Each structure stands twice: as C-alpha cells, then as structure tokens.
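I have placed the structure first, in the form of structure tokens, so that the comments after it can refer back to it.
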Amino acid sequence: METGAVTDRTPDAVTDPVQVEAVVDRAAGAVVDRVTPRRGRPAQVGRPGRPVEPGPAVELTGVTKVFNPGRPDEVTALRGVDLTVGRGEFVSLIGPSGCGKSTLLRLVADLVPATGGTVRVADRSARQARRELAYGIAFQQAGLLDWRTVTRNVELPLELRGLSRRDRRTKAREMLDLVGLADFAGHYPDQLSGGMQQRVAIARALAVDPPLLLMDEPFGALDEMTRERLQDELLRICAGKGTSTVFVTHSIPEAVYLSDRVVVMSARPGRIVEIVDVALGERTEATRQSNAFFAGITRVRQALRGTSPEAPA
Amino acid sequence: MPGLGRGWRRRARVAVGTLGAVLLGGLLWEGYKAVGDPDGSTLFGVRLLPRADDAAMPHLGEILGRLTEPELAGGEPVGLVVLRAAGFTLRAVAVGFAVAVLVGGLLAVLMQRFRVAERGLLPYVVLSQTVPLIALAPVIAGWGGQLSIGSRPWQPWMSVAVIATYLAFFPIAVGLLRGLQSPAPIAEELMRSYAATWWHTLLKLRLPAARPYLFPALRLAGAAAVVGAVVGEISTGTRGGIGRLVVEYAREATTDPAKVYAALLGAALLGLVVAGAVGLAELLLTPGRRASTR
Ligand SMILES: Nc1ncnc2c1ncn2[C@@H]1O[C@H](COP(=O)(O)OP(=O)(O)OP(=O)(O)O)[C@@H](O)[C@H]1O
Ligand SMILES: [Mg+2]
C-alpha cells in the first residue's frame, strides 16, 4: 500500500517527449559544467570541462529517521523513504508542516545520521560526499554570522576552500548582484529584513557552484515578484551548470514551476505518498499561464489532499 | 562621514560620563564628610555609617596635595613613590594577566573540544577559587624559591605574578567556554556542511562568536589580577610594589591618613591601566559598526 503509491522514476525512465527533451538538454549542460571540488584544493568555480560522473546525485533506500529513540519524546520523522534524484534533476519536496522535509534534507547533507536504510550522494556515502564538499545548502533559517558583513558572509565557504581574496570578492559580488543585494554588500545581517537575509543565504549556497544544491524553503520570506525572479535565476543557474537540486517548499505553484518531479509527503510518520512528474520544458513568460502548469498544480494538490489530517482519505 | 562623526560624538559622551562619575564620587565623599557624624553613626551598637572625621576620611584636596609633598622630611614626593611602586606592581599584573589569558584560553578551548575535559576540569577550576589566597601565597613563594628560569633565578615578583594569574584565569576560562559554546546549532551545522576542520570552526565561528562573552570576562580578570598582585605582594612580603606601600603607609595612618589614600590611588591607577588595555583590545577586535553604535 505504502510503496504502491510511490512512482519513483529516474529521468531515463521518462516517456513524455517534452520531458525527454528537457533531460537531454540538462545532460548536455552537465557535460560542459560539472563541478566536483576536492577537499584541500581550491574549488574551480564555474570551470567547464569536468566529465559527468555516473550514478544518481542522491539515492535514498528504505531510509528511516527516529529522533530520541527509546525516550518518551521519541519521534519517527521519516519511515521507509525511497527516493532517487538523477544528475541535473530538479526535485521538490512538499507536504504538511512537520512531515520531515527538513529532516530528509539534513540526512542527505549528513548533518543527522539515518536510523535505518542507506543515503548515498554522488555514489558515495553521505558522509564521504559531505567531506568532499559535494553539496551546497541553504537552511530554513538564514543562519548568517552576524559579525560578518553581507559580502563576508557570502565569502565564508570560499574562504574555507582557500580561494584568493580577489576571487572571493569577485564571486561574492556576482552572487549578490544575482539576488539583488549589491547595494547592501557592506551591511551587517541585523540591518537586513528577513527576506534579504534569506537571499544572502541563497547567495552563499550558490557561491561555491555545488554539483548538488539542497534548499529548505529558500523563497519563503520573499514577495511574489522577487520570488518569481529568483525562481527563474535558480532554474537558469541549475540548467547552466547541470546542478542537481533538492528543493523544499510549501508552495504548490513554486514546486510545479521549478521541478522535474514533485515529491509529495505525508506526516506522522513522514513518508512519500506520491511522486508527480511535471517537467514543463523551457520556462517562458507563458509557462505560468500554461495548461501544463495548471494540470501539474492540480495533480500535486490532489496528492496533497490525501495527506492532510482533516480531509477524508 | 556621518559614521565617523557619530564615533567621535560617542567618545565625547564617554569622556563626559567618566568625568561626571569622578566628580560625583568626589562630591559624595565631601558631602558625607560635611553632613556625616565625625564618630560614625551606630544603631544598637552596630556601626552603620563610617566615621567622617579627618583621620578616617581626609579631604580630597589634602589627599591630592599629599601626592606632591615629600614622603618623609626631605624625601621624594609621595606621588613619585606611588607611581614607581605602581610601575613595579604593573609588571606582575601584566605578566600575570597575560599568562592568565593563555592558561584560561587553553582551558576553555580544551573544555569546549572535549566534553570529558569539561566534566573533569570544570569542578577543579571552580574549586581552585575557593582556596584562600592568604594560605596559598606563602606556598607559591616557597615553590618559587626553589625554581629558576634558565640561568636566571626566580624573583619575588614572579611569585606575585603567579598569584595574579591564579585569580585571573578563572573568569577567562569560564567566560570564554560559555562564549565558545554560544554559536547557534545552525551555524555549527553550516560549518559541518563545509567540512570545516575543528581549527577552522574555532577561528571562523567560535572565537568571533565568543567576543561578547570574552571581553566582560577579561575586565573581571583584569580587576582580579590587580587584586591578586596587591594582595600577593602583601602576603609574600614582596618589596617595591603598591601592596608593600599600602602596608607601610597604613602604619602611619593615625598621623598621616592622607598618605594611605594616596597609595590606594596607585592601586586604582593600576586598575584603570588594565581596564584601558582591555577596552583598547575590544575596540581593535570588534567590527567597526558595533563599536560605534554600542
Ligand atoms: N532535532 C530534532 N530532535 C527531535 N525531533 C526533531 C528534530 N528535528 C525534527 N524533529 C521532528 O521531526 C519531525 C519532522 O521535522 P522537520 O523539521 O523535518 O519537518 P518539516 O517537514 O521540515 O516541517 P516544516 O514544513 O514545518 O519546516 C517533526 O515532528 C519534528 O518534531
Ligand atoms: Mg522544515
């Protein structure tokens, strides 16, 4: 019953012609732009020419996460989760609050250990992948260091990778332009609004050109216009560099617009109830008004309806 | 630049505030002398307020004037003697404080790094402060007498410095430990996601985050180092410093009360020098905006 509802497919299994095209496009981009920084060596930011590696970007098999096992406050955050994210694929996680979306992301990031099952990232253990700087992450809260200016916050991961001062400045500048905060480069985090802080955190996550991007409700605190602009920027970056992305959101339109596949989750215990294939192909002005877009929204909404506690199953 | 202007205005405010505080202190002193009972106020045999006569509380003018007059007939002015003694004690304070920063800092880092160390060491760190200094000083002086640094023999002021360290390392160890543990879990996870080494996490996250805890701890430690050095000099019988001077002048308190207070001014001066050094360090180590808006 639980696994029957799951339609877990890797991109090469798709049959929809529009989607096939999109996948091929991404794969081509990936061949040119794949970035895999190695520990101890400066990351080659945006350098083309790395070969694409085999295997999926993320592979979860039978993953279970129990917090505080054996104690009165024991919580089963995730149970029996199987999910594969292909290279260059954009996958969104959506589901009611507390269903374990952030937990799933943190498992992939090797910030919490799984209680059961296996988590593999780029054909390695999650731990090995983290040590090899295989991903960039933007948390649900901005998590900026409040004694560093906006620029120096964005520079932090570059600093740790040993980039020269000039390269760091250039890259941070570029990223702040991207999120529309160039004028605030010298400000401190507590001088920014919540949405601005969130954008700094996005810039920080993107600065290292990670092959895998983990984003937890990054656009939650933004106004609609900024949100749409950043969605398009994110898609452009991910397509251009062949970045694989796991993206958590509470917005159905956002999930549908951005994703190749939308993973719908249910709470207590957190598990995957359905995976909806969308793939809108090349996004244009018209995409947000297209029938395919609305059809996707309807399908995700229907899948979500089954997860909400108050609705009849 | 408006930022710079604000910085100077703030500094001016601090200066006026400091001056005001000194004036207020002086006014309270003289005011109490004017209205207080020369024999002190007692209630049911318990003295509530101190004597206000000239022997217990000389006039401020008299104390300041005493600084310029000779110590004994034909000797050097008291001010010069006090300054020289303060200089002597300052060496023990500075060395003791520096070693305390080192020892306290290392202890804090060690305790942050290893939970076992925190559980094992912290009780002893706290316990160390309950040993009475009076009992400890002769022991330290005794040990020192059997030591030598290279070819140079141990000197009495070094024992004094050790006592200053003993008092000063405690607030640093406890305060810095608290500060090193202060970063939010999300910030620690961020460093973990960068696969940052322990050392990098210390440099880029923990130490900067510890600053708001460290500087108040350093101020406490500075005061403790001064107290430790002065009391250390007295209880080890070390000559040449403020502690010795206070004891000597106190013997003449009945005939020359202003002199005791002149010596105490020297101890206060030491405290000011240490507080100033910590303040300067804070100014240099804190990002500009913060220093000018707080
Ligand atoms: N560190 C933790 N210790 C104990 N329980 C936790 C911890 N982190 C998460 N949980 C529990 O795991 C469950 C899933 O939490 P998670 O943060 O993954 O939800 P979420 O889907 O991200 O929710 P939201 O949409 O509100 O962000 C919750 O019931 C939560 O109480
Ligand atoms: Mg969450």
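Chain labels run A, B, ... following the order of the structure tokens; each chain numbers its residues from 1, and ligands are numbered from 1 in the order shown.
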Could you name the residues that touch Val109 (chain B) at 12 Å or less, counting only C-alpha atoms, but leaving out those on the same chain fewer than 5 positions away, as JSON, numbers by chain? {"B": [101, 102, 103, 104, 114, 115, 117, 118, 121, 172, 173, 174, 175, 176, 177, 178, 179, 180, 181, 198, 199, 201, 202, 203, 206, 207, 210]}
Please identify the residues whose atoms come within 12 Å of ligand 2, using only C-alpha atoms and all ligand atoms, and report them as a count of residues only. 28
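With the cut-off set to 9 Å and only C-alpha atoms counted, chain B residues close to chain A are Ala184, Ile186, Ala187, Glu189, Leu190, Met191, Arg192, Ser193, Tyr194, Ala195, Ala196, His200, Lys204, Leu205, Pro208, Ala209, Thr286, Pro287, Arg289 and Arg290 of chain B.
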Residues from the last selection, N, CA and C atoms, saved as a PDB file, in the first residue's frame:
ATOM      1  N   ALA B 184      24.835  29.292  17.438  1.00  0.00           N
ATOM      2  CA  ALA B 184      23.589  28.561  17.246  1.00  0.00           C
ATOM      3  C   ALA B 184      23.894  27.234  16.545  1.00  0.00           C
ATOM      4  N   ILE B 186      22.566  25.903  14.107  1.00  0.00           N
ATOM      5  CA  ILE B 186      22.526  26.042  12.650  1.00  0.00           C
ATOM      6  C   ILE B 186      23.879  26.522  12.116  1.00  0.00           C
ATOM      7  N   ALA B 187      24.565  27.379  12.879  1.00  0.00           N
ATOM      8  CA  ALA B 187      25.877  27.863  12.441  1.00  0.00           C
ATOM      9  C   ALA B 187      26.897  26.725  12.492  1.00  0.00           C
ATOM     10  N   GLU B 189      26.144  23.590  12.126  1.00  0.00           N
ATOM     11  CA  GLU B 189      25.804  22.697  11.011  1.00  0.00           C
ATOM     12  C   GLU B 189      26.339  23.253   9.700  1.00  0.00           C
ATOM     13  N   LEU B 190      26.299  24.573   9.581  1.00  0.00           N
ATOM     14  CA  LEU B 190      26.820  25.197   8.367  1.00  0.00           C
ATOM     15  C   LEU B 190      28.305  24.861   8.207  1.00  0.00           C
ATOM     16  N   MET B 191      29.069  25.019   9.294  1.00  0.00           N
ATOM     17  CA  MET B 191      30.494  24.709   9.235  1.00  0.00           C
ATOM     18  C   MET B 191      30.699  23.227   8.926  1.00  0.00           C
ATOM     19  N   ARG B 192      29.833  22.396   9.484  1.00  0.00           N
ATOM     20  CA  ARG B 192      29.919  20.966   9.220  1.00  0.00           C
ATOM     21  C   ARG B 192      29.652  20.677   7.743  1.00  0.00           C
ATOM     22  N   SER B 193      28.684  21.412   7.181  1.00  0.00           N
ATOM     23  CA  SER B 193      28.373  21.203   5.764  1.00  0.00           C
ATOM     24  C   SER B 193      29.539  21.641   4.882  1.00  0.00           C
ATOM     25  N   TYR B 194      30.370  22.544   5.391  1.00  0.00           N
ATOM     26  CA  TYR B 194      31.565  22.951   4.645  1.00  0.00           C
ATOM     27  C   TYR B 194      32.734  22.013   4.917  1.00  0.00           C
ATOM     28  N   ALA B 195      32.498  20.967   5.686  1.00  0.00           N
ATOM     29  CA  ALA B 195      33.555  20.054   6.094  1.00  0.00           C
ATOM     30  C   ALA B 195      34.725  20.827   6.706  1.00  0.00           C
ATOM     31  N   ALA B 196      34.389  21.893   7.457  1.00  0.00           N
ATOM     32  CA  ALA B 196      35.435  22.714   8.075  1.00  0.00           C
ATOM     33  C   ALA B 196      36.114  21.923   9.185  1.00  0.00           C
ATOM     34  N   HIS B 200      39.426  25.423  11.906  1.00  0.00           N
ATOM     35  CA  HIS B 200      38.741  26.457  11.129  1.00  0.00           C
ATOM     36  C   HIS B 200      37.444  26.892  11.804  1.00  0.00           C
ATOM     37  N   LYS B 204      36.852  30.704  12.654  1.00  0.00           N
ATOM     38  CA  LYS B 204      35.861  31.457  11.873  1.00  0.00           C
ATOM     39  C   LYS B 204      34.528  31.571  12.592  1.00  0.00           C
ATOM     40  N   LEU B 205      34.248  30.659  13.504  1.00  0.00           N
ATOM     41  CA  LEU B 205      32.926  30.679  14.149  1.00  0.00           C
ATOM     42  C   LEU B 205      33.010  30.899  15.661  1.00  0.00           C
ATOM     43  N   PRO B 208      35.072  34.277  17.081  1.00  0.00           N
ATOM     44  CA  PRO B 208      34.322  35.525  16.847  1.00  0.00           C
ATOM     45  C   PRO B 208      33.020  35.580  17.631  1.00  0.00           C
ATOM     46  N   ALA B 209      32.333  34.456  17.730  1.00  0.00           N
ATOM     47  CA  ALA B 209      31.062  34.444  18.450  1.00  0.00           C
ATOM     48  C   ALA B 209      31.280  34.627  19.947  1.00  0.00           C
ATOM     49  N   THR B 286      36.719  44.283  17.483  1.00  0.00           N
ATOM     50  CA  THR B 286      35.288  44.243  17.187  1.00  0.00           C
ATOM     51  C   THR B 286      35.034  45.002  15.891  1.00  0.00           C
ATOM     52  N   PRO B 287      34.195  44.444  15.017  1.00  0.00           N
ATOM     53  CA  PRO B 287      33.902  45.144  13.768  1.00  0.00           C
ATOM     54  C   PRO B 287      33.446  46.566  14.034  1.00  0.00           C
ATOM     55  N   ARG B 289      31.312  48.913  13.074  1.00  0.00           N
ATOM     56  CA  ARG B 289      29.971  49.411  13.306  1.00  0.00           C
ATOM     57  C   ARG B 289      29.516  49.148  14.729  1.00  0.00           C
ATOM     58  N   ARG B 290      29.850  47.951  15.225  1.00  0.00           N
ATOM     59  CA  ARG B 290      29.392  47.587  16.544  1.00  0.00           C
ATOM     60  C   ARG B 290      29.991  48.481  17.614  1.00  0.00           C
TER      61      ARG B 290
END
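Near Pro132 (chain B), within 12 Å and counting only C-alpha atoms, sit B:Pro138, B:Val139, B:Ile163, B:Tyr166, B:Leu167, B:Gly228, B:Val231, B:Gly232, B:Ser235; same-chain residues fewer than 6 positions away were not included.
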Same residues, C-alpha atoms, saved as a PDB file, in the first residue's frame:
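Writing the result to out_2.pdb gives the following:
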ATOM      1  CA  PRO B 138      53.401  31.508  51.047  1.00  0.00           C
ATOM      2  CA  VAL B 139      53.205  28.105  49.326  1.00  0.00           C
ATOM      3  CA  ILE B 163      49.171  34.683  42.310  1.00  0.00           C
ATOM      4  CA  TYR B 166      45.732  32.222  39.783  1.00  0.00           C
ATOM      5  CA  LEU B 167      42.924  34.695  40.394  1.00  0.00           C
ATOM      6  CA  GLY B 228      45.866  39.311  43.220  1.00  0.00           C
ATOM      7  CA  VAL B 231      47.364  41.052  47.988  1.00  0.00           C
ATOM      8  CA  GLY B 232      50.114  38.744  46.722  1.00  0.00           C
ATOM      9  CA  SER B 235      51.145  38.138  51.827  1.00  0.00           C
TER      10      SER B 235
END
Residue nearest ligand 1 - candidates A:Glu59, A:Glu282, A:Glu74, A:Glu155, atoms counted: only C-alpha atoms and all ligand atoms: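 With only C-alpha atoms and all ligand atoms as the atom set, the closest residue is A:Glu74.
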Find the residues near Ala100 (chain B): any atom within 12 Å, counting only C-alpha atoms, skip ones fewer than 4 places away on the same chain, and give them as a ChimeraX atom specification. /B:92-96,104-108,161-173,217-218,220-222,224-225,228
Same residues, N, CA, C and O atoms, output as a compact mmCIF listing (two decimals), in the first residue's frame:
# COMPACT_ATOMS: atom_id res chain seq x y z
N ALA B 92 54.07 42.71 37.46
CA ALA B 92 53.46 41.44 37.92
C ALA B 92 52.04 41.30 37.39
O ALA B 92 51.62 40.22 36.99
N VAL B 93 51.30 42.43 37.39
CA VAL B 93 49.91 42.39 36.90
C VAL B 93 49.90 42.00 35.41
O VAL B 93 49.15 41.11 35.00
N ALA B 94 50.75 42.66 34.62
CA ALA B 94 50.75 42.43 33.17
C ALA B 94 51.14 41.00 32.85
O ALA B 94 50.48 40.32 32.07
N VAL B 95 52.24 40.55 33.46
CA VAL B 95 52.69 39.18 33.20
C VAL B 95 51.65 38.18 33.69
O VAL B 95 51.29 37.22 32.99
N GLY B 96 51.14 38.43 34.90
CA GLY B 96 50.13 37.53 35.46
C GLY B 96 48.88 37.48 34.59
O GLY B 96 48.34 36.41 34.31
N GLY B 104 43.78 30.41 30.83
CA GLY B 104 42.32 30.39 30.79
C GLY B 104 41.81 30.06 29.39
O GLY B 104 40.87 29.28 29.22
N GLY B 105 42.46 30.66 28.38
CA GLY B 105 42.06 30.41 26.99
C GLY B 105 42.24 28.95 26.62
O GLY B 105 41.35 28.32 26.05
N LEU B 106 43.40 28.39 26.96
CA LEU B 106 43.66 26.98 26.63
C LEU B 106 42.67 26.07 27.34
O LEU B 106 42.13 25.13 26.73
N LEU B 107 42.41 26.36 28.61
CA LEU B 107 41.46 25.55 29.37
C LEU B 107 40.08 25.59 28.70
O LEU B 107 39.42 24.56 28.53
N ALA B 108 39.64 26.80 28.32
CA ALA B 108 38.31 26.96 27.72
C ALA B 108 38.23 26.17 26.41
O ALA B 108 37.26 25.45 26.15
N ALA B 161 53.22 37.47 40.36
CA ALA B 161 52.56 37.30 39.06
C ALA B 161 51.78 35.98 39.03
O ALA B 161 50.67 35.92 38.48
N VAL B 162 52.35 34.94 39.61
CA VAL B 162 51.66 33.64 39.63
C VAL B 162 50.35 33.76 40.41
O VAL B 162 49.31 33.23 40.00
N ILE B 163 50.40 34.51 41.52
CA ILE B 163 49.17 34.68 42.31
C ILE B 163 48.13 35.46 41.51
O ILE B 163 46.94 35.13 41.51
N ALA B 164 48.59 36.50 40.79
CA ALA B 164 47.67 37.26 39.93
C ALA B 164 47.04 36.34 38.88
O ALA B 164 45.84 36.39 38.62
N THR B 165 47.87 35.49 38.29
CA THR B 165 47.36 34.54 37.30
C THR B 165 46.31 33.63 37.91
O THR B 165 45.26 33.37 37.32
N TYR B 166 46.62 33.18 39.12
CA TYR B 166 45.73 32.22 39.78
C TYR B 166 44.32 32.78 39.94
O TYR B 166 43.33 32.08 39.78
N LEU B 167 44.24 34.08 40.24
CA LEU B 167 42.92 34.70 40.39
C LEU B 167 42.30 35.04 39.05
O LEU B 167 41.09 35.00 38.88
N ALA B 168 43.14 35.39 38.06
CA ALA B 168 42.62 35.97 36.82
C ALA B 168 42.22 34.92 35.78
O ALA B 168 41.39 35.20 34.92
N PHE B 169 42.80 33.72 35.85
CA PHE B 169 42.48 32.76 34.78
C PHE B 169 41.04 32.26 34.88
O PHE B 169 40.43 31.87 33.89
N PHE B 170 40.47 32.34 36.08
CA PHE B 170 39.15 31.76 36.30
C PHE B 170 38.03 32.41 35.48
O PHE B 170 37.35 31.72 34.72
N PRO B 171 37.86 33.75 35.58
CA PRO B 171 36.79 34.34 34.76
C PRO B 171 37.01 34.11 33.27
O PRO B 171 36.05 33.97 32.51
N ILE B 172 38.28 34.07 32.84
CA ILE B 172 38.56 33.88 31.42
C ILE B 172 38.15 32.48 31.00
O ILE B 172 37.46 32.29 29.98
N ALA B 173 38.54 31.47 31.78
CA ALA B 173 38.21 30.09 31.41
C ALA B 173 36.70 29.90 31.35
O ALA B 173 36.16 29.36 30.37
N ALA B 217 34.59 39.10 30.56
CA ALA B 217 35.42 38.19 31.35
C ALA B 217 36.82 38.76 31.53
O ALA B 217 37.40 38.67 32.61
N LEU B 218 37.35 39.37 30.47
CA LEU B 218 38.70 39.96 30.56
C LEU B 218 38.72 41.12 31.56
O LEU B 218 39.70 41.33 32.27
N LEU B 220 36.79 41.44 34.24
CA LEU B 220 36.82 40.81 35.56
C LEU B 220 38.21 40.30 35.88
O LEU B 220 38.74 40.49 36.97
N ALA B 221 38.81 39.63 34.89
CA ALA B 221 40.14 39.06 35.08
C ALA B 221 41.17 40.14 35.36
O ALA B 221 42.06 39.96 36.20
N GLY B 222 41.04 41.29 34.69
CA GLY B 222 41.96 42.40 34.91
C GLY B 222 41.89 42.88 36.35
O GLY B 222 42.92 43.05 37.02
N ALA B 224 40.80 41.17 38.85
CA ALA B 224 41.29 40.10 39.71
C ALA B 224 42.82 40.07 39.73
O ALA B 224 43.43 39.82 40.77
N ALA B 225 43.44 40.37 38.57
CA ALA B 225 44.90 40.36 38.50
C ALA B 225 45.48 41.46 39.38
O ALA B 225 46.49 41.25 40.08
N GLY B 228 44.95 40.41 42.95
CA GLY B 228 45.87 39.31 43.22
C GLY B 228 47.28 39.80 43.42
O GLY B 228 47.98 39.34 44.34
Proximity to ligand 1 - best of B:Val125, B:Ser41, B:Met111, B:Pro185, only C-alpha atoms and all ligand atoms: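 Ranked by minimum distance to ligand 1, first place goes to B:Pro185.
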Long-range neighbours of Pro156 (chain B) as a PyMOL selection string, 8 Å cut-off, only C-alpha atoms, 6 positions minimum in chain: chain B and resi 141+144+238
Taking N, CA, C and O atoms for each residue, export the selection above as a PDB file, in the first residue's frame.
ATOM      1  N   ALA B 141      55.224  31.222  46.990  1.00  0.00           N
ATOM      2  CA  ALA B 141      56.521  31.867  47.191  1.00  0.00           C
ATOM      3  C   ALA B 141      57.569  30.817  47.537  1.00  0.00           C
ATOM      4  O   ALA B 141      58.709  30.856  47.056  1.00  0.00           O
ATOM      5  N   GLY B 144      58.487  28.894  44.439  1.00  0.00           N
ATOM      6  CA  GLY B 144      59.255  29.765  43.551  1.00  0.00           C
ATOM      7  C   GLY B 144      60.714  29.821  43.958  1.00  0.00           C
ATOM      8  O   GLY B 144      61.601  29.814  43.115  1.00  0.00           O
ATOM      9  N   THR B 238      56.644  40.891  49.485  1.00  0.00           N
ATOM     10  CA  THR B 238      57.498  41.385  48.396  1.00  0.00           C
ATOM     11  C   THR B 238      57.644  42.898  48.478  1.00  0.00           C
ATOM     12  O   THR B 238      56.669  43.617  48.661  1.00  0.00           O
TER      13      THR B 238
END
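Using only C-alpha atoms, the nearest neighbour of Arg120 (chain A) within the list A:Thr170, A:Ser92, A:Thr61, A:Ser266 is A:Thr61.
CA of Asp256 (chain B) lies 24.5 Å from CA of Leu23 (chain B).
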Please list as a list in words every residue within 9 Å of Ala267 (chain B), counting only C-alpha atoms and excluding residues in the same chain fewer than 6 positions away.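 Here the qualifying residues turn out to be Val82, Ala86, Thr89, Val226, Val227, Val230, Ile242 and Gly243 of chain B.
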Preceding selection exported with N, CA, C and O atoms as a PDB file, in the first residue's frame:
ATOM      1  N   VAL B  82      54.610  56.543  44.831  1.00  0.00           N
ATOM      2  CA  VAL B  82      53.441  55.723  44.485  1.00  0.00           C
ATOM      3  C   VAL B  82      53.524  55.275  43.035  1.00  0.00           C
ATOM      4  O   VAL B  82      53.277  54.108  42.705  1.00  0.00           O
ATOM      5  N   ALA B  86      53.640  51.595  41.670  1.00  0.00           N
ATOM      6  CA  ALA B  86      52.611  51.115  40.742  1.00  0.00           C
ATOM      7  C   ALA B  86      53.278  50.481  39.521  1.00  0.00           C
ATOM      8  O   ALA B  86      52.831  49.443  39.012  1.00  0.00           O
ATOM      9  N   THR B  89      54.453  47.032  40.460  1.00  0.00           N
ATOM     10  CA  THR B  89      53.360  46.072  40.550  1.00  0.00           C
ATOM     11  C   THR B  89      52.780  45.776  39.166  1.00  0.00           C
ATOM     12  O   THR B  89      52.356  44.661  38.888  1.00  0.00           O
ATOM     13  N   VAL B 226      44.844  42.640  39.378  1.00  0.00           N
ATOM     14  CA  VAL B 226      45.329  43.737  40.213  1.00  0.00           C
ATOM     15  C   VAL B 226      45.196  43.373  41.697  1.00  0.00           C
ATOM     16  O   VAL B 226      46.149  43.488  42.465  1.00  0.00           O
ATOM     17  N   VAL B 227      44.006  42.888  42.052  1.00  0.00           N
ATOM     18  CA  VAL B 227      43.791  42.485  43.446  1.00  0.00           C
ATOM     19  C   VAL B 227      44.794  41.392  43.828  1.00  0.00           C
ATOM     20  O   VAL B 227      45.434  41.454  44.887  1.00  0.00           O
ATOM     21  N   VAL B 230      48.341  42.893  44.321  1.00  0.00           N
ATOM     22  CA  VAL B 230      48.492  43.712  45.525  1.00  0.00           C
ATOM     23  C   VAL B 230      48.466  42.819  46.779  1.00  0.00           C
ATOM     24  O   VAL B 230      49.349  42.899  47.638  1.00  0.00           O
ATOM     25  N   ILE B 242      52.990  48.340  45.168  1.00  0.00           N
ATOM     26  CA  ILE B 242      51.897  49.055  45.819  1.00  0.00           C
ATOM     27  C   ILE B 242      51.461  48.351  47.102  1.00  0.00           C
ATOM     28  O   ILE B 242      51.174  48.993  48.112  1.00  0.00           O
ATOM     29  N   GLY B 243      51.422  47.043  47.075  1.00  0.00           N
ATOM     30  CA  GLY B 243      50.957  46.281  48.237  1.00  0.00           C
ATOM     31  C   GLY B 243      51.785  46.602  49.460  1.00  0.00           C
ATOM     32  O   GLY B 243      51.256  46.908  50.536  1.00  0.00           O
TER      33      GLY B 243
END
Selection near region 299-303 of chain A, 8 Å with only C-alpha atoms, sequence-local residues under 5 positions removed, as an MDAnalysis selection string: chainID A and resid 252 256 262 264 273:274 276
Write the residues you've just listed into a file as a PDB file, in the first residue's frame, and include all heavy atoms for each of them.
ATOM      1  N   ILE A 252       2.632  25.101  -3.831  1.00  0.00           N
ATOM      2  CA  ILE A 252       2.407  24.144  -4.923  1.00  0.00           C
ATOM      3  C   ILE A 252       2.834  24.728  -6.273  1.00  0.00           C
ATOM      4  O   ILE A 252       3.564  24.072  -7.012  1.00  0.00           O
ATOM      5  CB  ILE A 252       0.918  23.699  -4.948  1.00  0.00           C
ATOM      6  CG1 ILE A 252       0.541  23.058  -3.605  1.00  0.00           C
ATOM      7  CG2 ILE A 252       0.671  22.720  -6.082  1.00  0.00           C
ATOM      8  CD1 ILE A 252      -0.923  22.703  -3.493  1.00  0.00           C
ATOM      9  N   VAL A 256       5.719  23.085  -8.745  1.00  0.00           N
ATOM     10  CA  VAL A 256       5.408  22.644 -10.104  1.00  0.00           C
ATOM     11  C   VAL A 256       6.251  23.403 -11.124  1.00  0.00           C
ATOM     12  O   VAL A 256       6.809  22.821 -12.060  1.00  0.00           O
ATOM     13  CB  VAL A 256       3.900  22.837 -10.395  1.00  0.00           C
ATOM     14  CG1 VAL A 256       3.602  22.585 -11.869  1.00  0.00           C
ATOM     15  CG2 VAL A 256       3.072  21.909  -9.515  1.00  0.00           C
ATOM     16  N   VAL A 262       7.844  16.364  -8.437  1.00  0.00           N
ATOM     17  CA  VAL A 262       7.440  16.881  -7.132  1.00  0.00           C
ATOM     18  C   VAL A 262       7.163  15.685  -6.222  1.00  0.00           C
ATOM     19  O   VAL A 262       6.340  14.827  -6.536  1.00  0.00           O
ATOM     20  CB  VAL A 262       6.176  17.755  -7.236  1.00  0.00           C
ATOM     21  CG1 VAL A 262       5.763  18.255  -5.849  1.00  0.00           C
ATOM     22  CG2 VAL A 262       6.412  18.931  -8.177  1.00  0.00           C
ATOM     23  N   VAL A 264       5.586  14.303  -2.997  1.00  0.00           N
ATOM     24  CA  VAL A 264       4.551  14.670  -2.036  1.00  0.00           C
ATOM     25  C   VAL A 264       4.675  13.772  -0.813  1.00  0.00           C
ATOM     26  O   VAL A 264       4.700  12.545  -0.936  1.00  0.00           O
ATOM     27  CB  VAL A 264       3.147  14.540  -2.656  1.00  0.00           C
ATOM     28  CG1 VAL A 264       2.076  14.914  -1.631  1.00  0.00           C
ATOM     29  CG2 VAL A 264       3.041  15.425  -3.889  1.00  0.00           C
ATOM     30  N   VAL A 273       4.156   9.834  -0.336  1.00  0.00           N
ATOM     31  CA  VAL A 273       2.890   9.257  -0.775  1.00  0.00           C
ATOM     32  C   VAL A 273       2.790   9.219  -2.302  1.00  0.00           C
ATOM     33  O   VAL A 273       2.124   8.363  -2.865  1.00  0.00           O
ATOM     34  CB  VAL A 273       1.667   9.996  -0.202  1.00  0.00           C
ATOM     35  CG1 VAL A 273       1.520   9.706   1.273  1.00  0.00           C
ATOM     36  CG2 VAL A 273       1.743  11.476  -0.466  1.00  0.00           C
ATOM     37  N   GLU A 274       3.445  10.166  -2.961  1.00  0.00           N
ATOM     38  CA  GLU A 274       3.369  10.158  -4.417  1.00  0.00           C
ATOM     39  C   GLU A 274       4.495  11.024  -4.988  1.00  0.00           C
ATOM     40  O   GLU A 274       4.944  11.969  -4.345  1.00  0.00           O
ATOM     41  CB  GLU A 274       2.020  10.715  -4.872  1.00  0.00           C
ATOM     42  CG  GLU A 274       1.712  10.388  -6.325  1.00  0.00           C
ATOM     43  CD  GLU A 274       0.271  10.733  -6.700  1.00  0.00           C
ATOM     44  OE1 GLU A 274      -0.594  10.701  -5.802  1.00  0.00           O
ATOM     45  OE2 GLU A 274       0.046  11.035  -7.870  1.00  0.00           O
ATOM     46  N   VAL A 276       5.078  13.176  -8.366  1.00  0.00           N
ATOM     47  CA  VAL A 276       4.383  13.692  -9.544  1.00  0.00           C
ATOM     48  C   VAL A 276       5.413  14.189 -10.555  1.00  0.00           C
ATOM     49  O   VAL A 276       6.239  15.042 -10.237  1.00  0.00           O
ATOM     50  CB  VAL A 276       3.437  14.848  -9.148  1.00  0.00           C
ATOM     51  CG1 VAL A 276       2.736  15.405 -10.388  1.00  0.00           C
ATOM     52  CG2 VAL A 276       2.430  14.373  -8.113  1.00  0.00           C
TER      53      VAL A 276
END
CA of Pro50 (chain B) to CA of Leu264 (chain B): how many Å, to one decimal?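 Distance reported for this atom pair: 17.9 Å.
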Taking the chain letters and numbering used in this document, name the residues of region 19-210 of chain A that DSSP puts in alpha helix (DSSP H), as an NGL selection string. :A and (19-33 or 101-108 or 126-131 or 150-160 or 165-178 or 194-206)
